[in-house]
Amino acid sequence: MMDLIESVRNGFEKKDLTLISIAVAIFVVIITVVLFWIVGRRKNLQRGVLIVGLSGAGKTLLFSRGVLKLIDVPGNERLRSKYLDEFKSCARGFIFVIDSLSFSSEIRDVAELLYTILGDSVVSYNCPPFLIICNKQDETMAKSSKVIQSQLEKEINMLRVTKNARLDSIDDTGNNNTYLGQRGKDFQFSDLKPVIVEFTESIARELENNEISVKAVSEWLYKIA
């Protein structure tokens, strides 16, 4: 090994292009191996999928027998914060459940919670994917996923403006210290890349024909596994 290092050093001194090319190639291989090891280690550590939402959104009706561990985060605000602080670093992904029927009256709270999670420094660093489930679509007055996405973007955009000073500060607690989206542009979920946010719909009850929501969640879990 020492002979190889000495040869490379001599090659640089003599400007031997062959030895320099070999040295660069070895360096690239080493860096590539290290990066693959780091990525693989992070994936092994991130084995949990957190199911989050306000109380009554219908989180407990969602389950899967996939390879990932599902962690049901309580809707109670105090317990929710405790669970998020404990498990956010190991989250392979987030399933965010929204009550489509009561969304209009809860939009501020829903947006605040989603904003807090997306802006968390640990979450933004790990870049886990998000599946936002618009639940209770079997109810007549329920809002569609497209309407919910559009209204959430507007609400988060307003939150981003009102909390801009806080977002720009360095916060050791890891809460909302990441600017969401692109500066100088209205907020859109598509601007959160590399974080990928997807929307889907689900019904409120465990019916035999509830294949759409089960399939959507299963496919998403399989994709991030």
# chains A, B, ... in the order shown; residues from 1 in each chain; ligands from 1
>>> residues_around(residues="stretch 192-195 of chain A", least_positions_apart="5", cutoff="8 Å", atoms="only C-alpha atoms", output="short mmCIF file (atom, residue, chain, number, x, y, z; two decimals) with N, CA and C atoms, in the first residue's frame")
data_model
loop_
_atom_site.label_atom_id
_atom_site.label_comp_id
_atom_site.auth_asym_id
_atom_site.auth_seq_id
_atom_site.Cartn_x
_atom_site.Cartn_y
_atom_site.Cartn_z
N SER A 124 -36.31 17.37 6.92
CA SER A 124 -35.82 17.96 5.67
C SER A 124 -34.44 17.40 5.30
N CYS A 127 -35.21 13.73 4.03
CA CYS A 127 -36.03 13.78 2.81
C CYS A 127 -36.93 12.54 2.62
N PRO A 128 -37.70 12.14 3.63
CA PRO A 128 -38.59 11.00 3.45
C PRO A 128 -39.77 11.38 2.56
N PRO A 129 -40.32 10.45 1.79
CA PRO A 129 -41.50 10.75 0.97
C PRO A 129 -42.75 10.87 1.83
N PHE A 130 -43.74 11.60 1.32
CA PHE A 130 -45.00 11.79 2.03
C PHE A 130 -46.15 11.29 1.17
N LEU A 180 -39.73 26.34 3.21
CA LEU A 180 -40.48 25.40 2.36
C LEU A 180 -40.73 26.00 0.98
N GLY A 181 -40.39 25.25 -0.06
CA GLY A 181 -40.64 25.70 -1.42
C GLY A 181 -39.57 26.62 -1.95
#
>>> select_by_dssp(residues="stretch 84-216 of chain A", states="helix (DSSP H, G or I)", output="VMD selection string")
chain A and resid 84 to 90 103 to 118 121 to 126 145 to 162 164 to 168 189 to 192 211 to 216
>>> select_by_dssp(residues="stretch 64-219 of chain A", states="strand (DSSP E)", output="mmCIF file with all heavy atoms, in the first residue's frame")
data_model
loop_
_atom_site.group_PDB
_atom_site.id
_atom_site.type_symbol
_atom_site.label_atom_id
_atom_site.label_comp_id
_atom_site.auth_asym_id
_atom_site.auth_seq_id
_atom_site.Cartn_x
_atom_site.Cartn_y
_atom_site.Cartn_z
ATOM 1 N N LYS A 69 -42.263 -1.066 9.287
ATOM 2 C CA LYS A 69 -43.001 -0.929 10.533
ATOM 3 C C LYS A 69 -43.822 0.343 10.499
ATOM 4 O O LYS A 69 -43.308 1.418 10.241
ATOM 5 C CB LYS A 69 -42.030 -0.889 11.712
ATOM 6 C CG LYS A 69 -42.712 -0.714 13.067
ATOM 7 C CD LYS A 69 -41.676 -0.619 14.164
ATOM 8 C CE LYS A 69 -42.344 -0.406 15.520
ATOM 9 N NZ LYS A 69 -41.357 -0.269 16.606
ATOM 10 N N LEU A 70 -45.131 0.225 10.764
ATOM 11 C CA LEU A 70 -46.004 1.385 10.781
ATOM 12 C C LEU A 70 -46.144 1.899 12.214
ATOM 13 O O LEU A 70 -46.425 1.142 13.132
ATOM 14 C CB LEU A 70 -47.388 1.020 10.229
ATOM 15 C CG LEU A 70 -47.431 0.573 8.758
ATOM 16 C CD1 LEU A 70 -48.863 0.287 8.349
ATOM 17 C CD2 LEU A 70 -46.827 1.625 7.856
ATOM 18 N N ILE A 71 -45.923 3.188 12.396
ATOM 19 C CA ILE A 71 -46.011 3.803 13.718
ATOM 20 C C ILE A 71 -47.168 4.794 13.710
ATOM 21 O O ILE A 71 -47.116 5.821 13.033
ATOM 22 C CB ILE A 71 -44.701 4.517 14.076
ATOM 23 C CG1 ILE A 71 -43.524 3.530 14.008
ATOM 24 C CG2 ILE A 71 -44.789 5.152 15.457
ATOM 25 C CD1 ILE A 71 -42.175 4.195 14.094
ATOM 26 N N ASP A 72 -48.221 4.466 14.449
ATOM 27 C CA ASP A 72 -49.407 5.324 14.506
ATOM 28 C C ASP A 72 -49.161 6.438 15.520
ATOM 29 O O ASP A 72 -49.125 6.196 16.729
ATOM 30 C CB ASP A 72 -50.625 4.489 14.890
ATOM 31 C CG ASP A 72 -51.920 5.283 14.805
ATOM 32 O OD1 ASP A 72 -51.862 6.466 14.427
ATOM 33 O OD2 ASP A 72 -52.982 4.723 15.119
ATOM 34 N N ALA A 91 -37.762 7.697 10.342
ATOM 35 C CA ALA A 91 -38.908 7.609 9.437
ATOM 36 C C ALA A 91 -38.463 7.377 7.999
ATOM 37 O O ALA A 91 -37.754 8.189 7.422
ATOM 38 C CB ALA A 91 -39.749 8.873 9.521
ATOM 39 N N ARG A 92 -38.889 6.270 7.418
ATOM 40 C CA ARG A 92 -38.635 5.991 6.012
ATOM 41 C C ARG A 92 -39.624 6.768 5.148
ATOM 42 O O ARG A 92 -39.369 7.055 3.979
ATOM 43 C CB ARG A 92 -38.792 4.489 5.761
ATOM 44 C CG ARG A 92 -38.395 4.006 4.383
ATOM 45 C CD ARG A 92 -36.897 4.121 4.144
ATOM 46 N NE ARG A 92 -36.476 3.244 3.080
ATOM 47 C CZ ARG A 92 -36.070 1.999 3.262
ATOM 48 N NH1 ARG A 92 -36.050 1.488 4.481
ATOM 49 N NH2 ARG A 92 -35.684 1.254 2.261
ATOM 50 N N GLY A 93 -40.758 7.112 5.744
ATOM 51 C CA GLY A 93 -41.781 7.872 5.042
ATOM 52 C C GLY A 93 -42.866 8.310 6.013
ATOM 53 O O GLY A 93 -42.926 7.854 7.162
ATOM 54 N N PHE A 94 -43.718 9.218 5.552
ATOM 55 C CA PHE A 94 -44.838 9.714 6.357
ATOM 56 C C PHE A 94 -46.142 9.491 5.600
ATOM 57 O O PHE A 94 -46.240 9.805 4.408
ATOM 58 C CB PHE A 94 -44.686 11.210 6.643
ATOM 59 C CG PHE A 94 -43.718 11.551 7.730
ATOM 60 C CD1 PHE A 94 -42.361 11.626 7.474
ATOM 61 C CD2 PHE A 94 -44.160 11.790 9.027
ATOM 62 C CE1 PHE A 94 -41.453 11.950 8.462
ATOM 63 C CE2 PHE A 94 -43.260 12.113 10.037
ATOM 64 C CZ PHE A 94 -41.904 12.189 9.759
ATOM 65 N N ILE A 95 -47.125 8.942 6.299
ATOM 66 C CA ILE A 95 -48.495 8.886 5.789
ATOM 67 C C ILE A 95 -49.292 9.915 6.582
ATOM 68 O O ILE A 95 -49.417 9.802 7.804
ATOM 69 C CB ILE A 95 -49.110 7.490 5.943
ATOM 70 C CG1 ILE A 95 -48.362 6.468 5.078
ATOM 71 C CG2 ILE A 95 -50.587 7.515 5.559
ATOM 72 C CD1 ILE A 95 -48.874 5.037 5.234
ATOM 73 N N PHE A 96 -49.792 10.914 5.902
ATOM 74 C CA PHE A 96 -50.511 12.011 6.560
ATOM 75 C C PHE A 96 -51.987 11.887 6.190
ATOM 76 O O PHE A 96 -52.355 11.995 5.024
ATOM 77 C CB PHE A 96 -49.950 13.351 6.097
ATOM 78 C CG PHE A 96 -50.389 14.524 6.930
ATOM 79 C CD1 PHE A 96 -49.570 15.028 7.933
ATOM 80 C CD2 PHE A 96 -51.615 15.130 6.723
ATOM 81 C CE1 PHE A 96 -49.969 16.113 8.707
ATOM 82 C CE2 PHE A 96 -52.029 16.204 7.479
ATOM 83 C CZ PHE A 96 -51.198 16.696 8.481
ATOM 84 N N VAL A 97 -52.833 11.649 7.195
ATOM 85 C CA VAL A 97 -54.261 11.393 6.956
ATOM 86 C C VAL A 97 -55.083 12.640 7.239
ATOM 87 O O VAL A 97 -54.943 13.272 8.294
ATOM 88 C CB VAL A 97 -54.762 10.224 7.825
ATOM 89 C CG1 VAL A 97 -56.207 9.869 7.448
ATOM 90 C CG2 VAL A 97 -53.862 9.000 7.652
ATOM 91 N N ILE A 98 -55.956 12.985 6.287
ATOM 92 C CA ILE A 98 -56.799 14.175 6.406
ATOM 93 C C ILE A 98 -58.272 13.763 6.343
ATOM 94 O O ILE A 98 -58.668 12.943 5.509
ATOM 95 C CB ILE A 98 -56.501 15.176 5.268
ATOM 96 C CG1 ILE A 98 -55.078 15.729 5.404
ATOM 97 C CG2 ILE A 98 -57.512 16.332 5.270
ATOM 98 C CD1 ILE A 98 -54.662 16.621 4.250
ATOM 99 N N ASP A 99 -59.067 14.331 7.218
ATOM 100 C CA ASP A 99 -60.521 14.143 7.192
ATOM 101 C C ASP A 99 -61.091 15.070 6.117
ATOM 102 O O ASP A 99 -61.192 16.281 6.319
ATOM 103 C CB ASP A 99 -61.105 14.475 8.568
ATOM 104 C CG ASP A 99 -62.595 14.165 8.653
ATOM 105 O OD1 ASP A 99 -63.261 14.114 7.597
ATOM 106 O OD2 ASP A 99 -63.086 13.986 9.791
ATOM 107 N N PHE A 130 -43.735 11.599 1.322
ATOM 108 C CA PHE A 130 -45.003 11.789 2.030
ATOM 109 C C PHE A 130 -46.154 11.287 1.169
ATOM 110 O O PHE A 130 -46.211 11.578 -0.026
ATOM 111 C CB PHE A 130 -45.237 13.274 2.339
ATOM 112 C CG PHE A 130 -44.494 13.788 3.538
ATOM 113 C CD1 PHE A 130 -43.119 13.956 3.508
ATOM 114 C CD2 PHE A 130 -45.172 14.109 4.707
ATOM 115 C CE1 PHE A 130 -42.421 14.433 4.602
ATOM 116 C CE2 PHE A 130 -44.486 14.595 5.817
ATOM 117 C CZ PHE A 130 -43.111 14.756 5.762
ATOM 118 N N LEU A 131 -47.053 10.538 1.794
ATOM 119 C CA LEU A 131 -48.312 10.160 1.146
ATOM 120 C C LEU A 131 -49.430 10.817 1.942
ATOM 121 O O LEU A 131 -49.650 10.492 3.112
ATOM 122 C CB LEU A 131 -48.503 8.644 1.129
ATOM 123 C CG LEU A 131 -49.819 8.165 0.487
ATOM 124 C CD1 LEU A 131 -49.841 8.505 -1.003
ATOM 125 C CD2 LEU A 131 -50.033 6.675 0.707
ATOM 126 N N ILE A 132 -50.130 11.764 1.328
ATOM 127 C CA ILE A 132 -51.226 12.451 1.998
ATOM 128 C C ILE A 132 -52.541 11.801 1.565
ATOM 129 O O ILE A 132 -52.910 11.829 0.388
ATOM 130 C CB ILE A 132 -51.231 13.952 1.662
ATOM 131 C CG1 ILE A 132 -49.922 14.588 2.160
ATOM 132 C CG2 ILE A 132 -52.436 14.643 2.295
ATOM 133 C CD1 ILE A 132 -49.805 16.070 1.896
ATOM 134 N N ILE A 133 -53.220 11.196 2.526
ATOM 135 C CA ILE A 133 -54.456 10.465 2.247
ATOM 136 C C ILE A 133 -55.652 11.336 2.617
ATOM 137 O O ILE A 133 -55.821 11.720 3.780
ATOM 138 C CB ILE A 133 -54.508 9.145 3.034
ATOM 139 C CG1 ILE A 133 -53.332 8.246 2.627
ATOM 140 C CG2 ILE A 133 -55.829 8.431 2.789
ATOM 141 C CD1 ILE A 133 -53.283 6.936 3.378
ATOM 142 N N CYS A 134 -56.468 11.646 1.643
ATOM 143 C CA CYS A 134 -57.693 12.417 1.869
ATOM 144 C C CYS A 134 -58.802 11.410 2.175
ATOM 145 O O CYS A 134 -59.397 10.815 1.256
ATOM 146 C CB CYS A 134 -58.013 13.271 0.642
ATOM 147 S SG CYS A 134 -56.664 14.390 0.204
ATOM 148 N N ASN A 135 -59.072 11.221 3.444
ATOM 149 C CA ASN A 135 -59.959 10.151 3.903
ATOM 150 C C ASN A 135 -61.434 10.578 3.897
ATOM 151 O O ASN A 135 -61.753 11.743 3.731
ATOM 152 C CB ASN A 135 -59.529 9.740 5.316
ATOM 153 C CG ASN A 135 -60.072 8.374 5.709
ATOM 154 O OD1 ASN A 135 -60.449 7.569 4.855
ATOM 155 N ND2 ASN A 135 -60.115 8.104 6.999
ATOM 156 N N VAL A 197 -44.088 14.504 -2.406
ATOM 157 C CA VAL A 197 -45.382 14.492 -1.734
ATOM 158 C C VAL A 197 -46.452 14.031 -2.723
ATOM 159 O O VAL A 197 -46.618 14.626 -3.783
ATOM 160 C CB VAL A 197 -45.753 15.882 -1.183
ATOM 161 C CG1 VAL A 197 -47.106 15.839 -0.475
ATOM 162 C CG2 VAL A 197 -44.677 16.386 -0.228
ATOM 163 N N GLU A 198 -47.156 12.972 -2.376
ATOM 164 C CA GLU A 198 -48.214 12.437 -3.225
ATOM 165 C C GLU A 198 -49.550 12.496 -2.495
ATOM 166 O O GLU A 198 -49.607 12.364 -1.267
ATOM 167 C CB GLU A 198 -47.908 10.989 -3.622
ATOM 168 C CG GLU A 198 -46.609 10.816 -4.396
ATOM 169 C CD GLU A 198 -46.326 9.364 -4.723
ATOM 170 O OE1 GLU A 198 -47.195 8.703 -5.324
ATOM 171 O OE2 GLU A 198 -45.237 8.877 -4.347
ATOM 172 N N PHE A 199 -50.618 12.674 -3.259
ATOM 173 C CA PHE A 199 -51.969 12.705 -2.699
ATOM 174 C C PHE A 199 -52.769 11.516 -3.223
ATOM 175 O O PHE A 199 -52.635 11.134 -4.390
ATOM 176 C CB PHE A 199 -52.687 14.001 -3.091
ATOM 177 C CG PHE A 199 -52.279 15.201 -2.286
ATOM 178 C CD1 PHE A 199 -51.062 15.831 -2.510
ATOM 179 C CD2 PHE A 199 -53.109 15.705 -1.291
ATOM 180 C CE1 PHE A 199 -50.680 16.935 -1.771
ATOM 181 C CE2 PHE A 199 -52.737 16.816 -0.546
ATOM 182 C CZ PHE A 199 -51.518 17.432 -0.781
ATOM 183 N N THR A 200 -53.595 10.940 -2.358
ATOM 184 C CA THR A 200 -54.497 9.884 -2.766
ATOM 185 C C THR A 200 -55.781 10.000 -1.943
ATOM 186 O O THR A 200 -55.874 10.850 -1.042
ATOM 187 C CB THR A 200 -53.865 8.488 -2.581
ATOM 188 O OG1 THR A 200 -54.694 7.492 -3.188
ATOM 189 C CG2 THR A 200 -53.690 8.155 -1.109
ATOM 190 N N GLU A 201 -56.759 9.172 -2.243
ATOM 191 C CA GLU A 201 -58.051 9.239 -1.555
ATOM 192 C C GLU A 201 -58.380 7.905 -0.906
ATOM 193 O O GLU A 201 -57.915 6.852 -1.346
ATOM 194 C CB GLU A 201 -59.158 9.647 -2.540
ATOM 195 C CG GLU A 201 -58.946 11.041 -3.120
ATOM 196 C CD GLU A 201 -60.054 11.443 -4.095
ATOM 197 O OE1 GLU A 201 -60.840 10.555 -4.504
ATOM 198 O OE2 GLU A 201 -60.132 12.640 -4.448
#
>>> atom_distance(atom1="atom CA of A:Tyr115", atom2="atom CA of A:Thr140")
28.0 Å
>>> atom_distance(atom1="atom CA of A:Asn157", atom2="atom CA of A:Phe187")
5.0 Å
>>> atom_distance(atom1="atom CA of A:Glu106", atom2="atom CA of A:Met141")
14.5 Å
